[in-house]
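Asks: Below is the file query.csv, with CSV, C-alpha atoms.
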chain,number,residue,atom,x,y,z
A,252,MET,CA,-51.8,36.5,-11.6
A,253,ASN,CA,-50.5,33.0,-12.5
A,254,PRO,CA,-49.4,31.3,-9.2
A,255,ALA,CA,-46.2,30.2,-10.8
A,256,ILE,CA,-45.4,33.8,-11.8
A,257,THR,CA,-46.3,35.0,-8.3
A,258,ASP,CA,-43.9,32.4,-6.8
A,259,LEU,CA,-41.1,33.5,-9.2
A,260,LEU,CA,-41.5,37.2,-8.4
A,261,GLN,CA,-41.4,36.4,-4.7
A,262,GLY,CA,-38.0,34.7,-5.1
A,263,GLY,CA,-39.2,31.1,-5.6
A,264,ASN,CA,-36.8,28.6,-7.3
A,265,MET,CA,-37.2,27.9,-11.0
A,266,ALA,CA,-37.3,24.3,-12.1
A,267,GLU,CA,-34.5,24.9,-14.5
A,268,ASP,CA,-32.2,27.8,-15.4
A,269,TYR,CA,-31.8,27.7,-19.2
A,270,TYR,CA,-28.6,29.8,-19.0
A,271,GLU,CA,-27.1,27.4,-16.5
A,272,THR,CA,-28.1,24.5,-18.7
A,273,LEU,CA,-26.1,25.9,-21.6
A,274,GLY,CA,-23.3,27.1,-19.4
A,275,VAL,CA,-23.5,30.8,-20.4
A,276,ALA,CA,-24.0,34.1,-18.6
A,277,ARG,CA,-27.4,35.8,-18.7
A,278,GLY,CA,-26.1,38.5,-21.0
A,279,ALA,CA,-24.5,36.1,-23.5
A,280,SER,CA,-24.7,37.0,-27.1
A,281,GLN,CA,-26.4,34.9,-29.8
A,282,ASP,CA,-23.0,33.7,-31.0
A,283,ASP,CA,-22.1,32.6,-27.5
A,284,LEU,CA,-25.4,30.8,-27.1
A,285,LYS,CA,-24.9,29.0,-30.4
A,286,LYS,CA,-21.4,27.9,-29.5
A,287,ALA,CA,-22.5,26.7,-26.1
A,288,PHE,CA,-25.4,24.7,-27.6
A,289,ARG,CA,-23.2,23.1,-30.3
A,290,LYS,CA,-20.7,21.9,-27.6
A,291,ALA,CA,-23.4,20.6,-25.3
A,292,ALA,CA,-25.4,18.9,-28.0
A,293,MET,CA,-22.3,17.2,-29.3
A,294,LYS,CA,-21.5,15.9,-25.8
A,295,TYR,CA,-24.9,14.6,-24.8
A,296,HIS,CA,-26.3,13.5,-28.2
A,297,PRO,CA,-28.0,10.0,-27.8
A,298,ASP,CA,-26.0,8.6,-30.7
A,299,ARG,CA,-22.8,9.3,-28.7
A,300,ASN,CA,-24.3,8.0,-25.5
A,301,PRO,CA,-26.3,4.9,-26.4
A,302,GLY,CA,-28.4,3.6,-23.5
A,303,ASP,CA,-27.4,6.6,-21.2
A,304,GLU,CA,-30.8,7.9,-20.0
A,305,ALA,CA,-29.1,10.7,-18.0
A,306,ALA,CA,-27.3,12.0,-21.2
A,307,GLU,CA,-30.6,11.7,-23.2
A,308,GLN,CA,-32.4,13.8,-20.6
A,309,LYS,CA,-29.6,16.4,-20.6
A,310,PHE,CA,-29.8,16.5,-24.4
A,311,LYS,CA,-33.5,17.3,-24.2
A,312,GLU,CA,-32.8,20.1,-21.6
A,313,VAL,CA,-30.1,21.6,-23.8
A,314,ASN,CA,-32.4,21.5,-26.8
A,315,ARG,CA,-35.3,23.1,-24.8
A,316,ALA,CA,-33.0,25.8,-23.4
A,317,TYR,CA,-31.6,26.8,-26.8
A,318,GLU,CA,-35.0,26.9,-28.5
A,319,ILE,CA,-36.1,29.5,-26.0
A,320,LEU,CA,-33.0,31.6,-25.7
A,321,LYS,CA,-32.2,31.8,-29.5
A,322,ASP,CA,-35.5,33.7,-30.0
A,323,ASP,CA,-35.3,37.3,-28.8
A,324,GLN,CA,-39.0,37.5,-27.9
A,325,LYS,CA,-39.0,34.2,-26.1
A,326,ARG,CA,-35.8,35.1,-24.3
A,327,GLU,CA,-37.2,38.4,-23.1
A,328,ALA,CA,-40.3,36.6,-21.8
A,329,TYR,CA,-38.1,34.0,-20.1
A,330,ASP,CA,-35.9,36.7,-18.5
A,331,ARG,CA,-38.9,38.3,-17.0
A,332,TYR,CA,-41.1,35.4,-15.9
A,333,GLY,CA,-39.0,32.2,-16.3
A,334,GLU,CA,-40.6,29.0,-17.5
A,335,ALA,CA,-43.9,30.2,-16.2
A,336,ALA,CA,-44.2,32.5,-19.2
A,337,PHE,CA,-44.7,29.4,-21.4
A,338,GLU,CA,-47.1,27.4,-19.4
A,339,ASN,CA,-50.6,26.6,-20.7
A,340,GLY,CA,-49.5,27.4,-24.3
A,341,GLY,CA,-48.2,30.9,-23.4
A,342,GLY,CA,-47.5,33.5,-26.0
A,343,GLY,CA,-43.8,32.7,-26.0
A,344,HIS,CA,-44.5,29.5,-28.1
A,345,PRO,CA,-46.6,30.1,-31.2
A,346,GLY,CA,-48.5,27.1,-32.3
A,347,GLY,CA,-49.1,25.8,-28.7
A,348,ALA,CA,-47.6,22.6,-27.3
A,349,GLY,CA,-46.6,20.5,-30.3
A,350,GLY,CA,-45.0,23.2,-32.3
A,351,PHE,CA,-41.3,22.5,-31.8
A,352,GLY,CA,-39.6,19.6,-33.5
A,353,PHE,CA,-36.2,19.5,-35.2
A,354,SER,CA,-36.7,22.5,-37.4
A,355,GLY,CA,-35.3,25.9,-38.0
A,356,GLY,CA,-32.0,26.8,-36.4
A,357,PHE,CA,-31.7,23.6,-34.4
A,358,ALA,CA,-31.8,21.4,-37.6
A,359,ASP,CA,-29.2,23.6,-39.3
A,360,ILE,CA,-26.8,23.2,-36.3
A,361,PHE,CA,-27.6,19.5,-36.0
A,362,ASP,CA,-26.8,18.8,-39.6
A,363,GLU,CA,-23.6,20.9,-39.3
A,364,MET,CA,-22.4,18.9,-36.3
A,365,PHE,CA,-23.6,15.4,-37.2
A,366,GLY,CA,-23.9,15.4,-40.9
A,367,ALA,CA,-20.4,14.2,-41.4
A,368,MET,CA,-20.8,11.2,-39.1
A,369,GLY,CA,-22.0,8.9,-41.8
A,370,GLY,CA,-24.9,10.4,-43.8
A,371,GLN,CA,-28.1,9.7,-41.9
A,372,ARG,CA,-28.6,11.2,-38.5
A,373,GLY,CA,-28.9,7.8,-36.9
A,374,GLY,CA,-25.7,6.7,-38.4
A,375,ALA,CA,-27.3,4.1,-40.6
A,376,ASN,CA,-24.5,4.5,-43.2
A,377,ARG,CA,-21.8,5.2,-40.7
A,378,ARG,CA,-18.4,4.1,-41.9
A,379,GLY,CA,-16.2,1.8,-39.8
A,380,SER,CA,-14.1,3.2,-37.0
A,381,ASP,CA,-10.6,4.5,-37.6
A,382,LEU,CA,-7.8,2.5,-35.8
A,383,ARG,CA,-4.5,3.6,-34.3
A,384,TYR,CA,-1.3,1.6,-34.3
A,385,ASN,CA,1.9,2.7,-32.5
A,386,LEU,CA,5.1,1.7,-34.2
A,387,GLU,CA,8.6,2.2,-32.7
A,388,ILE,CA,11.6,2.6,-35.0
A,389,SER,CA,15.3,3.3,-34.6
A,390,LEU,CA,17.0,6.5,-35.6
A,391,GLU,CA,18.8,4.6,-38.3
A,392,GLU,CA,15.5,3.3,-39.7
A,393,ALA,CA,14.1,6.9,-39.6
A,394,PHE,CA,17.2,7.9,-41.7
A,395,HIS,CA,17.1,5.1,-44.2
A,396,GLY,CA,13.4,4.4,-44.3
A,397,LYS,CA,12.1,0.8,-44.1
A,398,SER,CA,9.3,-1.6,-45.0
A,399,ALA,CA,7.6,-3.3,-42.0
A,400,ASP,CA,4.9,-5.9,-41.6
A,401,ILE,CA,2.4,-5.2,-38.7
A,402,ARG,CA,-0.3,-7.3,-37.3
A,403,VAL,CA,-3.5,-5.4,-36.4
A,404,PRO,CA,-6.5,-6.9,-34.6
A,405,THR,CA,-9.6,-5.4,-36.2
A,406,SER,CA,-13.1,-6.1,-37.6
A,407,VAL,CA,-13.2,-7.2,-41.2
A,408,THR,CA,-16.0,-7.9,-43.6
A,409,CYS,CA,-17.7,-11.2,-43.0
A,410,GLU,CA,-16.7,-13.7,-45.7
A,411,THR,CA,-19.9,-15.8,-45.3
A,412,CYS,CA,-22.4,-13.0,-46.1
A,413,SER,CA,-20.0,-10.6,-47.9
A,414,GLY,CA,-20.9,-7.9,-45.3
A,415,SER,CA,-24.6,-7.9,-45.8
A,416,GLY,CA,-25.3,-9.5,-42.4
A,417,ALA,CA,-28.0,-11.7,-43.9
A,418,GLU,CA,-27.9,-15.5,-44.1
A,419,GLY,CA,-27.9,-17.1,-47.5
A,420,GLY,CA,-28.4,-13.9,-49.4
A,421,ALA,CA,-31.6,-13.0,-47.7
A,422,GLN,CA,-32.7,-9.4,-48.2
A,423,PRO,CA,-33.4,-7.0,-45.2
A,424,VAL,CA,-37.0,-6.2,-44.4
A,425,THR,CA,-38.6,-3.0,-43.2
A,426,CYS,CA,-38.0,-2.3,-39.6
A,427,PRO,CA,-41.3,-2.9,-37.7
A,428,THR,CA,-40.3,-0.5,-34.9
A,429,CYS,CA,-40.0,2.7,-37.0
A,430,ARG,CA,-41.7,1.4,-40.2
A,431,GLY,CA,-38.8,2.2,-42.3
A,432,ALA,CA,-38.3,5.8,-41.2
A,433,GLY,CA,-35.0,5.0,-39.3
A,434,LYS,CA,-36.0,7.4,-36.5
A,435,MET,CA,-38.6,7.7,-33.7
A,436,ARG,CA,-40.4,10.8,-32.4
A,437,SER,CA,-41.7,11.4,-29.0
A,438,GLN,CA,-43.6,14.3,-27.4
A,439,GLN,CA,-41.9,16.1,-24.5
A,440,GLY,CA,-44.3,18.8,-23.4
A,441,PHE,CA,-44.3,21.2,-26.3
A,442,PHE,CA,-41.2,19.7,-27.9
A,443,THR,CA,-41.1,16.9,-30.4
A,444,VAL,CA,-37.9,14.9,-29.8
A,445,GLU,CA,-36.5,12.9,-32.6
A,446,ARG,CA,-33.9,10.1,-32.1
A,447,THR,CA,-32.5,7.2,-33.9
A,448,CYS,CA,-34.6,4.0,-34.0
A,449,PRO,CA,-33.1,1.5,-31.5
A,450,GLY,CA,-34.4,-1.4,-33.6
A,451,CYS,CA,-32.5,-0.7,-36.9
A,452,HIS,CA,-30.0,2.0,-35.7
A,453,GLY,CA,-31.3,4.4,-38.3
A,454,ALA,CA,-31.1,2.1,-41.3
A,455,GLY,CA,-34.9,1.7,-41.7
A,456,ARG,CA,-34.4,-2.0,-42.4
A,457,VAL,CA,-33.5,-5.0,-40.3
A,458,ILE,CA,-32.2,-8.5,-41.1
A,459,ASP,CA,-34.8,-11.1,-40.6
A,460,LYS,CA,-32.4,-14.0,-40.9
A,461,PRO,CA,-29.0,-12.9,-39.5
A,462,CYS,CA,-25.8,-14.6,-40.7
A,463,PRO,CA,-24.5,-16.9,-37.9
A,464,PRO,CA,-20.8,-16.2,-38.1
A,465,CYS,CA,-21.2,-12.4,-37.7
A,466,ASN,CA,-24.6,-12.4,-35.9
A,467,GLY,CA,-26.0,-10.0,-38.6
A,468,THR,CA,-23.4,-7.3,-38.2
A,469,GLY,CA,-21.7,-8.0,-41.5
A,470,ARG,CA,-18.3,-8.2,-39.9
A,471,THR,CA,-16.1,-10.5,-37.8
A,472,HIS,CA,-13.0,-10.0,-35.6
A,473,LYS,CA,-9.7,-11.0,-37.1
A,474,GLU,CA,-6.0,-10.1,-37.0
A,475,LYS,CA,-4.6,-9.1,-40.3
A,476,THR,CA,-1.1,-8.4,-41.5
A,477,LEU,CA,-0.3,-5.2,-43.4
A,478,ALA,CA,2.8,-4.0,-45.1
A,479,VAL,CA,3.8,-0.5,-44.2
A,480,LYS,CA,6.4,1.6,-46.0
A,481,ILE,CA,8.2,4.2,-43.9
A,482,PRO,CA,9.9,6.9,-46.0
A,483,PRO,CA,13.3,8.3,-45.1
A,484,GLY,CA,13.3,11.4,-42.8
A,485,VAL,CA,10.2,10.7,-40.7
A,486,GLU,CA,10.2,12.3,-37.2
A,487,GLU,CA,8.7,11.6,-33.8
A,488,GLY,CA,4.9,11.6,-34.1
A,489,THR,CA,4.8,11.3,-37.9
A,490,ARG,CA,1.4,9.8,-38.8
A,491,ILE,CA,1.0,7.4,-41.8
A,492,ARG,CA,-2.6,6.8,-43.0
A,493,LEU,CA,-3.6,3.5,-44.6
A,494,SER,CA,-7.0,4.2,-46.3
A,495,GLY,CA,-9.7,1.6,-45.8
A,496,GLU,CA,-7.6,-0.5,-43.5
A,497,GLY,CA,-9.5,0.4,-40.3
A,498,GLU,CA,-12.5,-1.3,-38.9
A,499,ALA,CA,-15.1,-2.7,-41.3
A,500,GLY,CA,-18.4,-0.8,-41.4
A,501,MET,CA,-21.6,-2.3,-40.2
A,502,ASN,CA,-23.6,-4.3,-42.9
A,503,GLY,CA,-21.1,-3.7,-45.7
A,504,THR,CA,-20.7,0.0,-45.3
A,505,GLN,CA,-17.3,1.8,-45.9
A,506,PRO,CA,-14.4,0.8,-43.7
A,507,GLY,CA,-12.5,3.3,-41.6
A,508,ASP,CA,-8.8,4.1,-41.9
A,509,LEU,CA,-5.7,2.9,-40.0
A,510,TYR,CA,-3.4,5.6,-38.7
A,511,ILE,CA,0.2,4.5,-37.8
A,512,PHE,CA,1.9,6.8,-35.3
A,513,LEU,CA,5.7,6.6,-35.3
A,514,SER,CA,7.9,6.8,-32.3
A,515,VAL,CA,11.7,7.2,-32.8
A,516,LEU,CA,13.7,5.5,-30.1
A,517,PRO,CA,16.6,7.3,-28.4
A,518,HIS,CA,20.1,6.6,-29.9
A,519,ARG,CA,23.2,5.7,-27.9
A,520,LEU,CA,25.4,8.1,-29.8
A,521,PHE,CA,23.4,10.7,-31.6
A,522,GLN,CA,20.8,13.3,-30.6
A,523,ARG,CA,18.4,14.7,-33.2
A,524,GLU,CA,17.0,18.2,-33.7
A,525,GLU,CA,14.8,18.2,-36.8
A,526,ALA,CA,17.1,17.3,-39.7
A,527,ASP,CA,20.4,17.9,-37.8
A,528,ILE,CA,22.4,15.4,-35.8
A,529,TYR,CA,24.5,16.1,-32.7
A,530,CYS,CA,27.3,14.0,-31.4
A,531,LYS,CA,29.3,14.6,-28.2
A,532,VAL,CA,32.9,13.4,-28.7
A,533,PRO,CA,35.3,13.1,-25.7
A,534,MET,CA,38.8,14.4,-26.3
A,535,SER,CA,41.9,14.2,-24.2
A,536,MET,CA,43.4,17.4,-22.7
A,537,THR,CA,46.6,16.9,-24.8
A,538,SER,CA,44.7,16.4,-28.1
A,539,ALA,CA,42.7,19.5,-27.5
A,540,ALA,CA,45.8,21.5,-26.5
A,541,LEU,CA,48.0,20.3,-29.4
A,542,GLY,CA,45.3,19.8,-32.0
A,543,GLY,CA,45.0,16.9,-34.5
A,544,THR,CA,42.2,14.9,-36.1
A,545,VAL,CA,39.5,12.7,-34.6
A,546,GLU,CA,37.4,10.1,-36.5
A,547,VAL,CA,33.6,10.1,-35.7
A,548,PRO,CA,30.7,7.9,-36.8
A,549,THR,CA,27.9,9.2,-39.0
A,550,ILE,CA,24.2,8.2,-39.1
A,551,ASP,CA,24.5,6.6,-42.5
A,552,GLY,CA,27.0,4.1,-41.1
A,553,GLY,CA,30.1,5.7,-42.4
A,554,LYS,CA,33.0,7.6,-40.8
A,555,ALA,CA,34.2,11.2,-41.0
A,556,LYS,CA,37.4,12.9,-39.9
A,557,VAL,CA,37.2,16.2,-37.9
A,558,THR,CA,40.2,18.5,-37.7
A,559,VAL,CA,40.7,19.7,-34.2
A,560,PRO,CA,42.7,23.0,-34.0
A,561,PRO,CA,45.2,23.6,-31.2
A,562,GLY,CA,43.6,25.1,-28.1
A,563,THR,CA,40.1,23.6,-28.7
A,564,GLN,CA,37.8,24.3,-25.7
A,565,SER,CA,35.2,22.0,-24.2
A,566,GLY,CA,31.8,22.6,-25.9
A,567,GLN,CA,33.2,23.8,-29.1
A,568,GLN,CA,31.3,22.5,-32.1
A,569,PHE,CA,32.4,21.4,-35.6
A,570,ARG,CA,30.0,21.3,-38.4
A,571,LEU,CA,29.9,18.5,-41.0
A,572,ARG,CA,27.6,19.6,-43.8
A,573,SER,CA,25.1,17.2,-45.2
A,574,LYS,CA,26.0,14.5,-42.7
A,575,GLY,CA,22.8,14.8,-40.7
A,576,MET,CA,19.3,13.2,-41.2
A,577,SER,CA,17.4,12.7,-44.4
A,578,VAL,CA,14.8,15.3,-45.1
A,579,LEU,CA,11.3,13.9,-45.7
A,580,ASN,CA,10.2,13.9,-49.3
A,581,SER,CA,13.6,15.4,-50.4
A,582,ARG,CA,17.1,14.4,-51.4
A,583,GLN,CA,18.6,16.9,-49.0
A,584,ARG,CA,20.2,16.1,-45.7
A,585,GLY,CA,20.7,18.0,-42.5
A,586,ASP,CA,24.1,18.8,-40.9
A,587,MET,CA,26.0,17.0,-38.2
A,588,TYR,CA,27.5,18.9,-35.3
A,589,VAL,CA,30.4,17.3,-33.4
A,590,GLU,CA,30.8,18.8,-29.9
A,591,ALA,CA,34.2,18.5,-28.2
A,592,ARG,CA,34.1,17.3,-24.6
A,593,ILE,CA,37.5,17.8,-23.1
A,594,GLU,CA,38.4,15.4,-20.3
A,595,THR,CA,40.5,16.1,-17.3
A,596,PRO,CA,43.0,13.3,-16.7
A,597,VAL,CA,42.5,11.2,-13.6
A,598,ASN,CA,44.6,8.6,-11.7
A,599,LEU,CA,47.8,10.3,-12.7
A,600,SER,CA,51.1,8.6,-12.0
A,601,ARG,CA,53.9,10.2,-10.0
A,602,LYS,CA,55.8,11.0,-13.2
A,603,GLN,CA,52.8,12.5,-14.8
A,604,ARG,CA,52.2,14.8,-11.9
A,605,GLU,CA,55.8,16.0,-12.0
A,606,LEU,CA,55.5,16.7,-15.7
A,607,LEU,CA,52.3,18.8,-15.2
A,608,GLN,CA,54.0,20.7,-12.4
A,609,GLU,CA,57.0,21.4,-14.7
A,610,PHE,CA,54.5,22.6,-17.3
A,611,GLU,CA,52.9,25.0,-14.9
A,612,LYS,CA,56.3,26.4,-13.8
A,613,ALA,CA,57.4,26.8,-17.5
A,614,GLY,CA,54.6,29.2,-18.0
A,615,GLY,CA,56.3,31.8,-15.7
A,616,GLY,CA,53.0,32.8,-14.2
A,617,ARG,CA,51.3,33.3,-17.6
A,618,SER,CA,47.9,31.6,-17.9
A,619,PHE,CA,47.2,29.2,-20.7
A,620,SER,CA,43.5,29.1,-20.0
A,621,PRO,CA,41.8,32.2,-21.5
A,622,GLU,CA,38.3,31.5,-20.1
A,623,SER,CA,39.5,31.1,-16.5
A,624,GLU,CA,41.7,34.2,-16.9
A,625,GLY,CA,38.8,36.3,-18.1
A,626,PHE,CA,36.6,35.0,-15.4
A,627,PHE,CA,38.9,35.8,-12.5
A,628,THR,CA,39.6,39.3,-14.1
A,629,ARG,CA,35.9,40.0,-13.8
A,630,VAL,CA,35.8,38.6,-10.2
A,631,LYS,CA,38.6,41.0,-9.3
A,632,GLU,CA,36.7,44.0,-10.8
A,633,PHE,CA,33.6,42.9,-9.0
A,634,TRP,CA,35.3,43.0,-5.6
A,635,GLU,CA,36.9,46.3,-6.3
A,636,ASP,CA,33.5,47.8,-7.2
A,637,LEU,CA,32.2,46.7,-3.8
A,638,LYS,CA,34.9,48.6,-2.0
A,639,ASP,CA,34.0,51.9,-3.7
Just give me the structure as structure tokens.
Replies:
Amino acid sequence: MNPAITDLLQGGNMAEDYYETLGVARGASQDDLKKAFRKAAMKYHPDRNPGDEAAEQKFKEVNRAYEILKDDQKREAYDRYGEAAFENGGGGHPGGAGGFGFSGGFADIFDEMFGAMGGQRGGANRRGSDLRYNLEISLEEAFHGKSADIRVPTSVTCETCSGSGAEGGAQPVTCPTCRGAGKMRSQQGFFTVERTCPGCHGAGRVIDKPCPPCNGTGRTHKEKTLAVKIPPGVEEGTRIRLSGEGEAGMNGTQPGDLYIFLSVLPHRLFQREEADIYCKVPMSMTSAALGGTVEVPTIDGGKAKVTVPPGTQSGQQFRLRSKGMSVLNSRQRGDMYVEARIETPVNLSRKQRELLQEFEKAGGGRSFSPESEGFFTRVKEFWEDLKD
């Protein structure tokens, strides 16, 4: 018997557990394996971890593990004998040691995950990076909308070489490292690992005479001023996209986009809930008891009169239709809610105290506070229930 198999059957440690590499249980379904592989390959792919040898090694291990476990026959052999089943060109790998490159299921998944990252696998035609800009606005500006100028530090197309990266209009030459293929292949046991060429970054061509201002990248760093139009009715977290205003692409490729994230500052008078506005208005005890009118501000800068009925209680709300926030991409407006906040008088004079005492006596023991009367009635019933 193969010594490695004997060691495994006797409880020896395997060099690598493919299930553990992918982060799945031994009984995982093919769908679970595929999902785990997609996640791990995305995380450790060399293009996402340039110069990270540990990530590159992990990527190779993830690839090797999935190539074995996705095939039912190879998986069965691995479950019985571990890696020893595939030593010396074992039956689990048709075609012997060089038979596994980026083909079959791996290539399909690879294209699905990385195909949208700029065309070629190495990112030769990768567009520029998207940028984010955080912009604070007031509640009034969110209501009316506004135009703003923002200054964004970014990378722009080099004016000297027009983004080509070459000096004096020189043309790129074939990359001597990969001979124009844009990718390199290396043998790892019975796997053929393919990665982006480090010399040309997947383009297949290099610039022999780089442009001095941009050092051959086709872009330079610059702060540019952009005009932004903010529509009425925007909310906290609203995102505005400026197409093509992100970072310039390498060597004249497509630029990224600029995303402006809006943050609405707290207001000293109003609280907002979607399209509605809330305003807490303090009222004196006598105004609430006798009734009357109160004038309140509105978000559009105007004023509105609210009729307060006699006996108004603290917390009672009055609705003003169409006095709230603008609705995005609409001519409609939300409502405004005025909440009464009844204040108890403080620092009373001697005369005022006497008048309040006379008011209390004039009631003849009858309560003028319905909420407190109802509360203490329930308290009395509660105590009587406890005696039973």
Asks: Here is a test: counting all atoms listed in the file, which residue of A:Ile319, A:Ala421, A:Leu607, A:Val444 is nearest to A:His296?
Replies: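 The shortest atom-to-atom distance to A:His296 comes from A:Val444.
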Asks: Which is closest to A:Ala454 among A:Gly467, A:Gly484, A:Pro561, A:Gly431, if we use only C-alpha atoms?
Replies: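 Ranked by minimum distance to A:Ala454, first place goes to A:Gly431.
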Asks: Env of A:Gly543: 12 Å cut, atoms = all atoms listed in the file, seq-sep filter 2 positions within chain, self excluded. Answer as a PDB file with C-alpha atoms, in the frame of the given file.
Replies:
ATOM      1  CA  MET A 534      38.800  14.400 -26.300  1.00  0.00           C
ATOM      2  CA  SER A 535      41.900  14.200 -24.200  1.00  0.00           C
ATOM      3  CA  MET A 536      43.400  17.400 -22.700  1.00  0.00           C
ATOM      4  CA  THR A 537      46.600  16.900 -24.800  1.00  0.00           C
ATOM      5  CA  SER A 538      44.700  16.400 -28.100  1.00  0.00           C
ATOM      6  CA  ALA A 539      42.700  19.500 -27.500  1.00  0.00           C
ATOM      7  CA  ALA A 540      45.800  21.500 -26.500  1.00  0.00           C
ATOM      8  CA  LEU A 541      48.000  20.300 -29.400  1.00  0.00           C
ATOM      9  CA  VAL A 545      39.500  12.700 -34.600  1.00  0.00           C
ATOM     10  CA  GLU A 546      37.400  10.100 -36.500  1.00  0.00           C
ATOM     11  CA  LYS A 556      37.400  12.900 -39.900  1.00  0.00           C
ATOM     12  CA  VAL A 557      37.200  16.200 -37.900  1.00  0.00           C
ATOM     13  CA  THR A 558      40.200  18.500 -37.700  1.00  0.00           C
ATOM     14  CA  VAL A 559      40.700  19.700 -34.200  1.00  0.00           C
ATOM     15  CA  PRO A 560      42.700  23.000 -34.000  1.00  0.00           C
ATOM     16  CA  PRO A 561      45.200  23.600 -31.200  1.00  0.00           C
ATOM     17  CA  GLY A 562      43.600  25.100 -28.100  1.00  0.00           C
ATOM     18  CA  THR A 563      40.100  23.600 -28.700  1.00  0.00           C
TER      19      THR A 563
END
Asks: Determine the nearest neighbour of A:Gly453 from the options A:Ala432, A:Val485, A:Val479, A:Ala555, counting only C-alpha atoms.
Replies: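 Closest residue, counting only C-alpha atoms: A:Ala432.
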Asks: Report, in Å to a single decimal, how far apart atom CA of A:Phe394 and atom CA of A:Gln568 are.
Replies: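 Between these atoms lies a distance of 22.5 Å.
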Asks: Which value, in Å to one decimal, gives the distance between atom CA of A:Leu320 and atom CA of A:Lys434?
Replies: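 Between atom CA of A:Leu320 and atom CA of A:Lys434 the gap is 26.7 Å.
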Asks: For a quick check of understanding, using only C-alpha atoms, which of A:Ser581, A:Glu271, A:Pro482, A:Ser380 has the smallest distance to A:Lys397?
Replies: A:Pro482
Asks: Give as a list in words the set of residues within 12 Å of the point (9.0, 10.4, -46.4), where distances use the file's coordinates and all atoms listed in the file.
Replies: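 Looking at atoms near the point gives Glu392, Ala393, Phe394, His395, Gly396, Lys397, Lys480, Ile481, Pro482, Pro483, Gly484, Val485, Glu486, Thr489, Arg490, Ile491, Met576, Ser577, Val578, Leu579, Asn580, Ser581, Arg582 and Gln583 of chain A.
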Asks: Which distance in Å separates atom CA of A:Arg492 and atom CA of A:Glu387, to one decimal?
Replies: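 Between atom CA of A:Arg492 and atom CA of A:Glu387 the gap is 15.9 Å.
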Asks: What's the 7 Å shell around A:Cys451, counting all atoms listed in the file, without same-chain residues fewer than 5 positions away, as a compact mmCIF listing (two decimals) with C-alpha atoms, in the frame of the given file?
Replies:
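Produced file around33.txt, reproduced below:
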# COMPACT_ATOMS: atom_id res chain seq x y z
CA CYS A 426 -38.00 -2.30 -39.60
CA GLY A 433 -35.00 5.00 -39.30
CA ARG A 456 -34.40 -2.00 -42.40
CA VAL A 457 -33.50 -5.00 -40.30
Asks: Hey, can you pull every residue with an atom no more than 9 Å from (-16.3, -12.2, -44.5), using only C-alpha atoms, and send it as a PDB file with C-alpha atoms, in the coordinates of the input?
Replies:
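Below is the file part_1.pdb, written as the result:
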ATOM      1  CA  VAL A 407     -13.200  -7.200 -41.200  1.00  0.00           C
ATOM      2  CA  THR A 408     -16.000  -7.900 -43.600  1.00  0.00           C
ATOM      3  CA  CYS A 409     -17.700 -11.200 -43.000  1.00  0.00           C
ATOM      4  CA  GLU A 410     -16.700 -13.700 -45.700  1.00  0.00           C
ATOM      5  CA  THR A 411     -19.900 -15.800 -45.300  1.00  0.00           C
ATOM      6  CA  CYS A 412     -22.400 -13.000 -46.100  1.00  0.00           C
ATOM      7  CA  SER A 413     -20.000 -10.600 -47.900  1.00  0.00           C
ATOM      8  CA  GLY A 414     -20.900  -7.900 -45.300  1.00  0.00           C
ATOM      9  CA  PRO A 464     -20.800 -16.200 -38.100  1.00  0.00           C
ATOM     10  CA  CYS A 465     -21.200 -12.400 -37.700  1.00  0.00           C
ATOM     11  CA  GLY A 469     -21.700  -8.000 -41.500  1.00  0.00           C
ATOM     12  CA  ARG A 470     -18.300  -8.200 -39.900  1.00  0.00           C
ATOM     13  CA  THR A 471     -16.100 -10.500 -37.800  1.00  0.00           C
TER      14      THR A 471
END
Asks: Pick out the closest residue to A:Gly585 from this set: A:Pro533, A:Asp527, A:Glu334, A:Asp636. Count only C-alpha atoms.
Replies: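 For A:Gly585, the nearest of the given residues is A:Asp527.
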Asks: Would you mind listing what lies within 12 Å of A:Glu307 as a list in words, with all atoms listed in the file counted and same-chain residues fewer than 5 positions away left out?
Replies: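 The filter keeps Ala291, Ala292, Met293, Lys294, Tyr295, His296, Pro297, Asp298, Arg299, Asn300, Pro301, Gly302, Glu312, Val313, Asn314, Val444, Glu445, Arg446 and Thr447 of chain A.
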Asks: So which residues touch A:Lys321 within 8 Å, counting all atoms listed in the file, skipping near sequence neighbours fewer than 6 positions away, as an NGL selection string?
Replies: :A and (281 or 284-285)
Asks: Using all atoms listed in the file, which protein or nucleic acid residues come within 7 Å of A:Cys462? Drop anything in the same chain fewer than 6 positions from it, and give the result as a ChimeraX atom specification.
Replies: /A:412,416-418
